[in-house]
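Novice: Sharing entry19.txt below, compact mmCIF, C-alpha atoms:
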# COMPACT_ATOMS: atom_id res chain seq x y z
CA MET A 110 0.00 0.00 0.00
CA VAL A 111 0.93 3.60 -0.47
CA ASN A 112 2.11 5.56 2.53
CA GLU A 113 -0.03 8.58 3.12
CA THR A 114 2.00 11.72 3.28
CA ASP A 115 1.99 13.50 6.62
CA THR A 116 -0.32 16.44 6.02
CA SER A 117 1.25 18.41 8.88
CA THR A 118 4.45 18.99 6.91
CA THR A 119 4.71 21.90 4.53
CA GLU A 120 6.65 20.52 1.64
CA SER A 121 7.74 22.49 -1.37
CA VAL A 122 5.27 22.31 -4.20
CA ALA A 123 6.71 21.12 -7.47
CA ILE A 124 4.84 22.79 -10.29
CA VAL A 125 5.28 23.82 -13.87
CA GLU A 126 6.23 27.50 -14.11
CA ARG A 127 4.06 29.81 -16.20
CA GLN A 128 5.79 32.20 -18.57
CA GLY A 129 4.89 35.05 -20.92
CA ALA A 130 1.23 35.92 -21.38
CA PHE A 131 0.33 32.70 -19.65
CA ALA A 132 1.93 33.86 -16.39
CA ASP A 133 -1.25 35.73 -15.47
CA ARG A 134 -2.90 32.48 -14.59
CA ASP A 135 -6.25 33.95 -13.70
CA ALA A 136 -6.60 35.22 -17.26
CA TRP A 137 -6.61 31.70 -18.73
CA THR A 138 -7.82 28.23 -18.19
CA LEU A 139 -6.32 25.21 -19.86
CA GLN A 140 -9.62 23.97 -21.20
CA GLY A 141 -9.34 23.69 -24.97
CA MET A 142 -5.77 24.99 -24.88
CA CYS A 143 -3.82 21.99 -23.70
CA ARG A 144 -2.88 19.15 -26.05
CA MET A 145 -3.62 16.77 -23.25
CA GLU A 146 -7.32 17.48 -23.83
CA HIS A 147 -7.05 15.84 -27.23
CA SER A 148 -5.30 12.82 -25.78
CA LEU A 149 -7.83 12.39 -23.01
CA ALA A 150 -10.77 12.74 -25.37
CA LEU A 151 -9.48 9.65 -27.20
CA ILE A 152 -7.82 7.54 -24.56
CA GLY A 153 -8.82 9.06 -21.21
CA THR A 154 -10.81 6.07 -20.06
CA ARG A 155 -9.71 2.94 -18.30
CA SER A 156 -11.33 0.78 -21.00
CA ALA A 157 -9.45 2.47 -23.86
CA LEU A 158 -6.16 2.24 -21.99
CA VAL A 159 -6.63 -1.39 -21.04
CA LEU A 160 -7.46 -2.34 -24.65
CA LEU A 161 -4.40 -0.46 -25.87
CA ARG A 162 -2.24 -2.22 -23.32
CA GLU A 163 -3.46 -5.58 -24.63
CA VAL A 164 -2.75 -4.57 -28.23
CA PHE A 165 0.74 -3.41 -27.27
CA PHE A 166 1.30 -6.77 -25.63
CA GLY A 167 0.22 -8.66 -28.73
CA ALA A 168 -3.55 -9.24 -28.66
CA THR A 169 -5.22 -8.49 -32.01
CA ARG A 170 -8.46 -10.48 -32.17
CA PHE A 171 -11.74 -9.32 -30.73
CA GLU A 172 -12.36 -12.40 -28.56
CA ASP A 173 -8.82 -12.21 -27.26
CA LEU A 174 -9.13 -8.51 -26.48
CA VAL A 175 -12.37 -9.09 -24.59
CA ASN A 176 -10.98 -12.02 -22.59
CA ARG A 177 -7.72 -10.31 -21.74
CA SER A 178 -9.12 -6.91 -20.90
CA GLY A 179 -11.95 -8.19 -18.74
CA LEU A 180 -14.28 -5.71 -20.46
CA SER A 181 -17.76 -6.64 -21.67
CA GLU A 182 -18.12 -7.31 -25.41
CA ALA A 183 -20.28 -4.20 -25.79
CA VAL A 184 -17.80 -1.89 -24.06
CA ALA A 185 -14.84 -3.39 -25.93
CA ALA A 186 -16.62 -3.12 -29.30
CA GLY A 187 -17.53 0.52 -28.67
CA ARG A 188 -14.03 1.52 -27.63
CA LEU A 189 -12.38 -0.37 -30.48
CA LYS A 190 -14.67 1.38 -32.97
CA GLU A 191 -13.67 4.76 -31.52
CA LEU A 192 -9.98 3.89 -31.57
CA VAL A 193 -10.25 2.85 -35.23
CA ALA A 194 -12.27 5.96 -36.16
CA HIS A 195 -9.57 8.16 -34.65
CA GLY A 196 -6.72 6.34 -36.36
CA VAL A 197 -5.18 4.81 -33.23
CA LEU A 198 -5.91 1.25 -34.33
CA THR A 199 -6.63 -0.14 -37.78
CA ARG A 200 -8.56 -3.23 -38.81
CA ARG A 201 -6.76 -5.89 -40.84
CA PRO A 202 -8.34 -8.97 -42.41
CA TYR A 203 -7.26 -12.44 -41.33
CA ARG A 204 -8.59 -15.88 -42.10
CA ASP A 205 -8.21 -19.05 -40.12
CA PRO A 206 -8.40 -22.31 -42.17
CA GLY A 207 -12.01 -23.29 -42.68
CA SER A 208 -13.37 -20.00 -41.35
CA ARG A 209 -14.65 -16.84 -42.96
CA THR A 210 -12.44 -13.77 -43.20
CA ARG A 211 -12.53 -11.69 -40.05
CA GLN A 212 -10.90 -8.46 -38.87
CA GLU A 213 -8.19 -8.04 -36.30
CA TYR A 214 -6.97 -4.85 -34.63
CA VAL A 215 -3.42 -3.56 -34.95
CA LEU A 216 -1.68 -0.34 -33.95
CA THR A 217 -1.28 2.40 -36.53
CA ASP A 218 1.81 4.59 -36.45
CA LEU A 219 -0.19 7.08 -34.38
CA GLY A 220 -1.20 4.30 -31.98
CA SER A 221 2.32 2.98 -31.62
CA ARG A 222 3.40 6.47 -30.57
CA LEU A 223 1.37 5.95 -27.38
CA PHE A 224 4.26 3.78 -26.23
CA PRO A 225 5.65 6.45 -23.82
CA VAL A 226 2.18 6.77 -22.24
CA LEU A 227 2.11 3.02 -21.69
CA VAL A 228 5.63 2.89 -20.28
CA SER A 229 5.07 5.85 -17.96
CA LEU A 230 1.85 4.33 -16.60
CA ILE A 231 3.59 0.99 -15.97
CA GLU A 232 6.55 2.75 -14.38
CA TRP A 233 4.34 4.76 -12.06
CA GLY A 234 2.36 1.64 -11.18
CA GLU A 235 5.61 0.15 -9.88
CA LEU A 236 5.69 2.83 -7.20
CA LEU A 237 2.29 1.82 -5.89
CA ASN A 238 3.21 -1.66 -4.86
CA ASP A 239 5.68 -2.91 -2.33
CA ASP A 240 6.01 -6.26 -4.02
CA HIS A 241 8.69 -5.55 -6.58
CA HIS A 242 9.49 -9.21 -7.09
CA SER A 243 6.36 -10.45 -8.76
CA GLY A 244 4.39 -9.53 -11.82
CA LEU A 245 5.48 -8.48 -15.24
CA GLU A 246 8.47 -6.51 -16.27
CA LEU A 247 9.04 -4.52 -19.43
CA ILE A 248 12.64 -4.89 -20.57
CA HIS A 249 14.96 -3.84 -23.38
CA LYS A 250 15.19 -7.18 -25.15
CA GLN A 251 18.72 -6.62 -26.48
CA CYS A 252 20.24 -6.12 -23.01
CA GLY A 253 17.58 -7.35 -20.56
CA SER A 254 17.50 -4.12 -18.55
CA PRO A 255 14.15 -2.64 -17.41
CA VAL A 256 12.64 0.06 -19.60
CA LYS A 257 12.02 3.56 -18.20
CA THR A 258 10.95 7.03 -19.30
CA GLU A 259 13.19 10.06 -19.31
CA ILE A 260 12.06 13.61 -19.81
CA THR A 261 14.40 15.63 -21.98
CA CYS A 262 14.21 18.69 -24.22
CA GLY A 263 15.07 19.43 -27.83
CA ASN A 264 18.63 20.11 -26.69
CA ASP A 265 18.82 16.72 -24.94
CA HIS A 266 19.02 18.18 -21.44
CA PRO A 267 17.51 16.02 -18.72
CA VAL A 268 14.42 17.92 -17.51
CA ALA A 269 12.94 17.71 -14.00
CA LEU A 270 9.43 18.90 -13.18
CA ASP A 271 10.78 22.09 -11.60
CA ASP A 272 12.76 22.82 -14.76
CA THR A 273 9.65 23.08 -16.91
CA ALA A 274 7.56 26.04 -17.91
CA VAL A 275 4.36 26.39 -19.88
CA GLN A 276 3.82 29.26 -22.30
CA PHE A 277 1.83 30.08 -25.39
CA ARG A 278 3.39 28.44 -28.38
CA GLY A 279 6.17 30.42 -30.03
CA GLU A 280 6.21 33.01 -27.26
CA ASP A 281 9.42 34.14 -25.56
CA ARG A 282 11.58 31.53 -27.25
CA ALA A 283 14.35 34.10 -27.66
CA GLN A 284 14.28 35.00 -23.98
CA PRO A 285 14.66 31.93 -21.83
CA SER A 286 14.45 32.69 -18.14
CA PRO A 287 17.75 32.68 -16.22
CA MET B 184 -8.17 16.15 -37.57
CA VAL B 185 -6.55 12.77 -37.59
CA ASN B 186 -6.06 11.05 -40.92
CA GLU B 187 -7.68 7.67 -40.94
CA THR B 188 -5.25 4.96 -41.81
CA ASP B 189 -5.98 3.11 -45.02
CA THR B 190 -7.35 -0.19 -43.79
CA SER B 191 -6.50 -1.94 -47.07
CA THR B 192 -2.78 -1.84 -46.33
CA THR B 193 -1.13 -4.58 -44.35
CA GLU B 194 1.41 -2.82 -42.22
CA SER B 195 3.80 -4.48 -39.86
CA VAL B 196 2.50 -4.73 -36.33
CA ALA B 197 4.70 -3.19 -33.69
CA ILE B 198 4.26 -5.10 -30.47
CA VAL B 199 6.05 -5.90 -27.28
CA GLU B 200 7.74 -9.30 -27.49
CA ARG B 201 6.91 -11.92 -24.90
CA GLN B 202 9.74 -13.84 -23.30
CA GLY B 203 10.25 -16.74 -20.92
CA ALA B 204 7.20 -18.31 -19.31
CA PHE B 205 5.15 -15.39 -20.51
CA ALA B 206 5.79 -16.32 -24.17
CA ASP B 207 2.92 -18.81 -24.01
CA ARG B 208 0.44 -15.99 -24.20
CA ASP B 209 -2.63 -18.15 -23.96
CA ALA B 210 -1.52 -19.32 -20.54
CA TRP B 211 -1.75 -15.84 -19.05
CA THR B 212 -3.74 -12.69 -19.02
CA LEU B 213 -2.39 -9.35 -17.85
CA GLN B 214 -5.24 -8.76 -15.44
CA GLY B 215 -3.81 -8.31 -11.98
CA MET B 216 -0.28 -8.88 -13.29
CA CYS B 217 0.52 -5.60 -14.94
CA ARG B 218 1.61 -2.55 -12.93
CA MET B 219 -0.47 -0.44 -15.24
CA GLU B 220 -3.55 -1.85 -13.49
CA HIS B 221 -2.50 -0.09 -10.31
CA SER B 222 -1.96 3.18 -12.15
CA LEU B 223 -5.29 3.00 -13.91
CA ALA B 224 -7.15 2.14 -10.72
CA LEU B 225 -5.99 5.49 -9.32
CA ILE B 226 -5.74 7.81 -12.29
CA GLY B 227 -7.47 5.99 -15.16
CA THR B 228 -10.29 8.50 -15.50
CA ARG B 229 -10.48 11.72 -17.42
CA SER B 230 -11.52 13.61 -14.27
CA ALA B 231 -8.50 12.44 -12.25
CA LEU B 232 -6.11 13.24 -15.09
CA VAL B 233 -7.59 16.68 -15.71
CA LEU B 234 -7.35 17.55 -12.00
CA LEU B 235 -3.75 16.37 -11.91
CA ARG B 236 -2.94 18.43 -14.98
CA GLU B 237 -4.32 21.53 -13.23
CA VAL B 238 -2.27 20.81 -10.09
CA PHE B 239 0.87 20.32 -12.20
CA PHE B 240 0.17 23.67 -13.83
CA GLY B 241 -0.19 25.42 -10.48
CA ALA B 242 -3.80 25.22 -9.26
CA THR B 243 -4.09 24.29 -5.59
CA ARG B 244 -7.42 25.58 -4.30
CA PHE B 245 -10.68 23.77 -4.61
CA GLU B 246 -12.59 26.58 -6.35
CA ASP B 247 -9.73 27.04 -8.75
CA LEU B 248 -9.52 23.33 -9.50
CA VAL B 249 -13.24 23.19 -10.18
CA ASN B 250 -13.21 26.25 -12.45
CA ARG B 251 -10.15 25.19 -14.41
CA SER B 252 -11.05 21.56 -14.83
CA GLY B 253 -14.62 22.18 -15.89
CA LEU B 254 -15.70 19.36 -13.57
CA SER B 255 -18.69 19.62 -11.25
CA GLU B 256 -17.94 20.33 -7.59
CA ALA B 257 -19.19 16.89 -6.62
CA VAL B 258 -17.00 15.05 -9.15
CA ALA B 259 -13.96 17.17 -8.32
CA ALA B 260 -14.43 16.68 -4.56
CA GLY B 261 -14.77 12.92 -4.95
CA ARG B 262 -11.69 12.58 -7.14
CA LEU B 263 -9.59 14.85 -4.92
CA LYS B 264 -10.54 12.78 -1.90
CA GLU B 265 -9.42 9.62 -3.70
CA LEU B 266 -6.16 11.20 -4.84
CA VAL B 267 -5.41 12.30 -1.26
CA ALA B 268 -6.35 8.89 0.17
CA HIS B 269 -3.92 7.21 -2.21
CA GLY B 270 -1.10 9.62 -1.49
CA VAL B 271 -1.00 11.32 -4.90
CA LEU B 272 -2.03 14.69 -3.49
CA THR B 273 -1.82 16.02 0.04
CA ARG B 274 -3.90 18.70 1.77
CA ARG B 275 -2.09 21.73 3.16
CA PRO B 276 -3.63 24.49 5.27
CA TYR B 277 -3.68 28.06 4.00
CA ARG B 278 -5.32 31.20 5.29
CA ASP B 279 -6.26 34.33 3.40
CA PRO B 280 -6.40 37.52 5.51
CA GLY B 281 -9.74 37.78 7.24
CA SER B 282 -10.78 34.25 6.29
CA ARG B 283 -10.80 30.98 8.12
CA THR B 284 -8.09 28.41 7.52
CA ARG B 285 -8.81 26.23 4.50
CA GLN B 286 -7.07 23.37 2.73
CA GLU B 287 -5.32 23.41 -0.59
CA TYR B 288 -4.11 20.46 -2.66
CA VAL B 289 -0.48 19.92 -3.57
CA LEU B 290 1.44 17.08 -5.20
CA THR B 291 3.20 14.55 -2.99
CA ASP B 292 6.45 13.02 -4.14
CA LEU B 293 4.43 10.11 -5.52
CA GLY B 294 2.16 12.56 -7.37
CA SER B 295 5.03 14.52 -8.82
CA ARG B 296 6.37 11.28 -10.28
CA LEU B 297 3.36 11.28 -12.61
CA PHE B 298 5.21 13.94 -14.56
CA PRO B 299 6.23 11.53 -17.39
CA VAL B 300 2.57 10.46 -17.75
CA LEU B 301 1.57 14.12 -18.13
CA VAL B 302 4.34 14.88 -20.61
CA SER B 303 3.64 11.80 -22.71
CA LEU B 304 -0.08 12.61 -22.89
CA ILE B 305 0.65 16.20 -23.96
CA GLU B 306 3.21 15.00 -26.48
CA TRP B 307 0.80 12.52 -28.01
CA GLY B 308 -1.93 15.15 -28.09
CA GLU B 309 0.35 17.19 -30.33
CA LEU B 310 0.07 14.49 -32.98
CA LEU B 311 -3.71 14.75 -33.06
CA ASN B 312 -3.90 18.32 -34.21
CA ASP B 313 -2.67 19.92 -37.40
CA ASP B 314 -2.49 23.32 -35.80
CA HIS B 315 0.99 23.26 -34.31
CA HIS B 316 1.14 27.02 -33.98
CA SER B 317 -1.45 27.68 -31.28
CA GLY B 318 -2.08 26.49 -27.79
CA LEU B 319 0.27 25.80 -24.95
CA GLU B 320 3.75 24.49 -25.04
CA LEU B 321 5.71 22.78 -22.30
CA ILE B 322 9.34 23.90 -22.39
CA HIS B 323 12.61 23.44 -20.55
CA LYS B 324 12.75 26.81 -18.85
CA GLN B 325 16.54 27.02 -18.77
CA CYS B 326 16.90 26.71 -22.56
CA GLY B 327 13.41 27.30 -23.96
CA SER B 328 13.33 24.05 -25.93
CA PRO B 329 10.16 21.90 -25.94
CA VAL B 330 10.02 19.04 -23.48
CA LYS B 331 9.69 15.43 -24.71
CA THR B 332 9.74 11.87 -23.44
CA GLU B 333 12.42 9.35 -24.27
CA ILE B 334 12.24 5.66 -23.55
CA THR B 335 15.52 4.23 -22.34
CA CYS B 336 16.69 1.26 -20.27
CA GLY B 337 18.82 0.83 -17.18
CA ASN B 338 21.88 0.82 -19.46
CA ASP B 339 20.79 4.13 -21.05
CA HIS B 340 20.11 2.61 -24.46
CA PRO B 341 17.37 4.35 -26.45
CA VAL B 342 14.52 1.83 -26.65
CA ALA B 343 11.95 1.61 -29.45
CA LEU B 344 8.69 -0.28 -29.11
CA ASP B 345 10.04 -3.18 -31.16
CA ASP B 346 13.06 -3.40 -28.87
CA THR B 347 10.94 -4.20 -25.82
CA ALA B 348 9.95 -7.48 -24.29
CA VAL B 349 7.72 -8.40 -21.40
CA GLN B 350 8.57 -11.22 -19.05
CA PHE B 351 7.93 -12.35 -15.52
CA ARG B 352 10.02 -10.35 -13.13
CA GLY B 353 13.50 -11.70 -12.57
CA GLU B 354 13.17 -14.29 -15.30
CA ASP B 355 15.79 -14.79 -18.02
CA ARG B 356 17.84 -11.77 -17.03
CA ALA B 357 21.01 -13.74 -17.66
CA GLN B 358 19.89 -14.75 -21.14
CA PRO B 359 18.90 -11.71 -23.17
CA SER B 360 17.65 -12.59 -26.63
CA PRO B 361 20.05 -11.95 -29.54
What does this structure look like when you write it as structure tokens?

Specialist:
Amino acid sequence: MVNETDTSTTESVAIVERQGAFADRDAWTLQGMCRMEHSLALIGTRSALVLLREVFFGATRFEDLVNRSGLSEAVAAGRLKELVAHGVLTRRPYRDPGSRTRQEYVLTDLGSRLFPVLVSLIEWGELLNDDHHSGLELIHKQCGSPVKTEITCGNDHPVALDDTAVQFRGEDRAQPSP
Amino acid sequence: MVNETDTSTTESVAIVERQGAFADRDAWTLQGMCRMEHSLALIGTRSALVLLREVFFGATRFEDLVNRSGLSEAVAAGRLKELVAHGVLTRRPYRDPGSRTRQEYVLTDLGSRLFPVLVSLIEWGELLNDDHHSGLELIHKQCGSPVKTEITCGNDHPVALDDTAVQFRGEDRAQPSP
């Protein structure tokens, strides 16, 4: 279980700094402005994320996706339809001997670019459980070492939460803060 | 808008390879095995993720969180209570002049470690919209360059989706695949 943080301590608050016109935070809300809105509209449900996890781990067929995800057929069918409509998954025909042609679900390029979301969710899940010696592990298959996320910038600097700022796109690029 | 992938093409399927005892995929499901389950149980809802986004971007007070998230007071209150109970957020007293002491919400260390989840969701959201010249941008404040996620391993190799494998923890570490 997770240890509850002692609420009597006053710890420093790690937040993203606001720069430029965005610094006047009361003048703006993030609704409709943040790219994360678009992501959450498509995949911001447990059912979508669980189906995507199963596809990343190799499930392609509807029955398999239903069994592995633990979702009902109706919920799985609805989510898969949405994910196909938005170009995250695509349908591909397959045919088992003696059966009619059916459709399986595979990741598109857009879908495969959800990989960092998947890895970061798995990585964070590790922190929630004391039992680090059971369960699945995602590894780099060439060297066997566990996979992790790193946050960097376009100049390949490692970036911590406190090193980040949010601003309107294109604003203040020539004047980084000290 | 997202371009729909041409479903008539047969593209290669990028998936995570299964190794060791896990390679017999029909013998196992991921339910209860994958760390991502734990993450999704806590934050696998749009409302939790939107509240966390607002906290990452500097909102701490209940009224502010409600206004910025666009959630109802009841939904926001319920989610915040869950996030505090699970140690993602903590409550901290504050007092405005002439007012009674109230509680604000700040990230715990566990909560702040959701930063890669936030960044990866924002980054993926970028791909969903043609308009790359509006909206918010998350930057490295020391150099002004946009922030991104990288997937690496314990040996600091860059890791692509096709370079990953899933296995039972501790299994086959001495025998990485060629």

Novice: Please determine, counting all atoms listed in the file, which residue among A:Gly179, A:Pro267, A:Pro255, A:Gly234 has the shortest atom-to-atom distance to B:His221.

Specialist: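 Residue with the minimum atom-to-atom distance to B:His221: A:Gly234.
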
Novice: Identify which of the residues B:Asp279, B:Glu320, B:Glu246, B:Asp292 lies closest to chain A, counting all atoms listed in the file when measuring atom-to-atom distances.

Specialist: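 Closest to chain A, using all atoms listed in the file: B:Glu320.
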
Novice: Which value, in Å to one decimal, gives the distance between atom CA of A:Ile260 and atom CA of A:Glu163?

Specialist: 25.1 Å

Novice: Could you work out how far atom CA of A:Ala157 lies from atom CA of A:His195, giving the answer in Å with one decimal?

Specialist: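 Interatomic distance, atom CA of A:His195 to atom CA of A:Ala157: 12.2 Å.
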
Novice: So the first atom is atom CA of B:Ser303 and the second is atom CA of A:Leu219; what is the distance between them in Å, to one decimal place?

Specialist: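 If I compute the distance from atom CA of B:Ser303 to atom CA of A:Leu219, I get 13.2 Å.
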
Novice: Which residue out of A:Leu189, A:Val159, A:Ala168, A:Val125 has the minimum interatomic distance to chain B when all atoms listed in the file are used?

Specialist: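 Nearest to chain B: A:Val125.
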
Novice: Which residue out of A:Gln128, A:Thr154, A:Thr199, A:Gln251 has the minimum interatomic distance to A:Thr273 when all atoms listed in the file are used?

Specialist: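 Nearest to A:Thr273: A:Gln128.
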
Novice: Nearest residue to chain B out of A:Pro202, A:Gly196, A:Gly220, A:Gly187, using all atoms listed in the file?

Specialist: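 Once distances to chain B are computed over all atoms listed in the file, the minimum belongs to A:Gly196.
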
Novice: Excluding A:Leu230 and its own-chain neighbours fewer than 3 positions away, which residues fall within 10 Å of it when counting all atoms listed in the file? Please give them as a list in words.

Specialist: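 Here the answer would be Leu158, Phe224, Pro225, Val226, Leu227, Trp233, Gly234, Glu235 and Thr258 of chain A; Arg218, Met219, Glu220, His221, Ser222, Leu223, Ile226, Gly227, Leu297, Pro299, Val300, Leu301 and Ser303 of chain B.
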
Novice: Could you tell me which of B:Glu256, B:Val249, B:Val271, B:Arg229 comes closest to chain A if we count only C-alpha atoms?

Specialist: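 Of all the options, B:Arg229 lies closest to chain A.
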
Novice: The residues within 6 Å of (-2.1, 17.0, 0.7), using all atoms listed in the file and the coordinates of the file, should be reported as a PDB file with C-alpha atoms, in the frame of the given file; which are they?

Specialist:
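Below you can see result.pdb, which holds the result:
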ATOM      1  CA  THR A 116      -0.320  16.440   6.020  1.00  0.00           C
TER       2      THR A 116
ATOM      3  CA  LEU B 272      -2.030  14.690  -3.490  1.00  0.00           C
ATOM      4  CA  THR B 273      -1.820  16.020   0.040  1.00  0.00           C
ATOM      5  CA  ARG B 274      -3.900  18.700   1.770  1.00  0.00           C
ATOM      6  CA  ARG B 275      -2.090  21.730   3.160  1.00  0.00           C
ATOM      7  CA  TYR B 288      -4.110  20.460  -2.660  1.00  0.00           C
ATOM      8  CA  VAL B 289      -0.480  19.920  -3.570  1.00  0.00           C
TER       9      VAL B 289
END
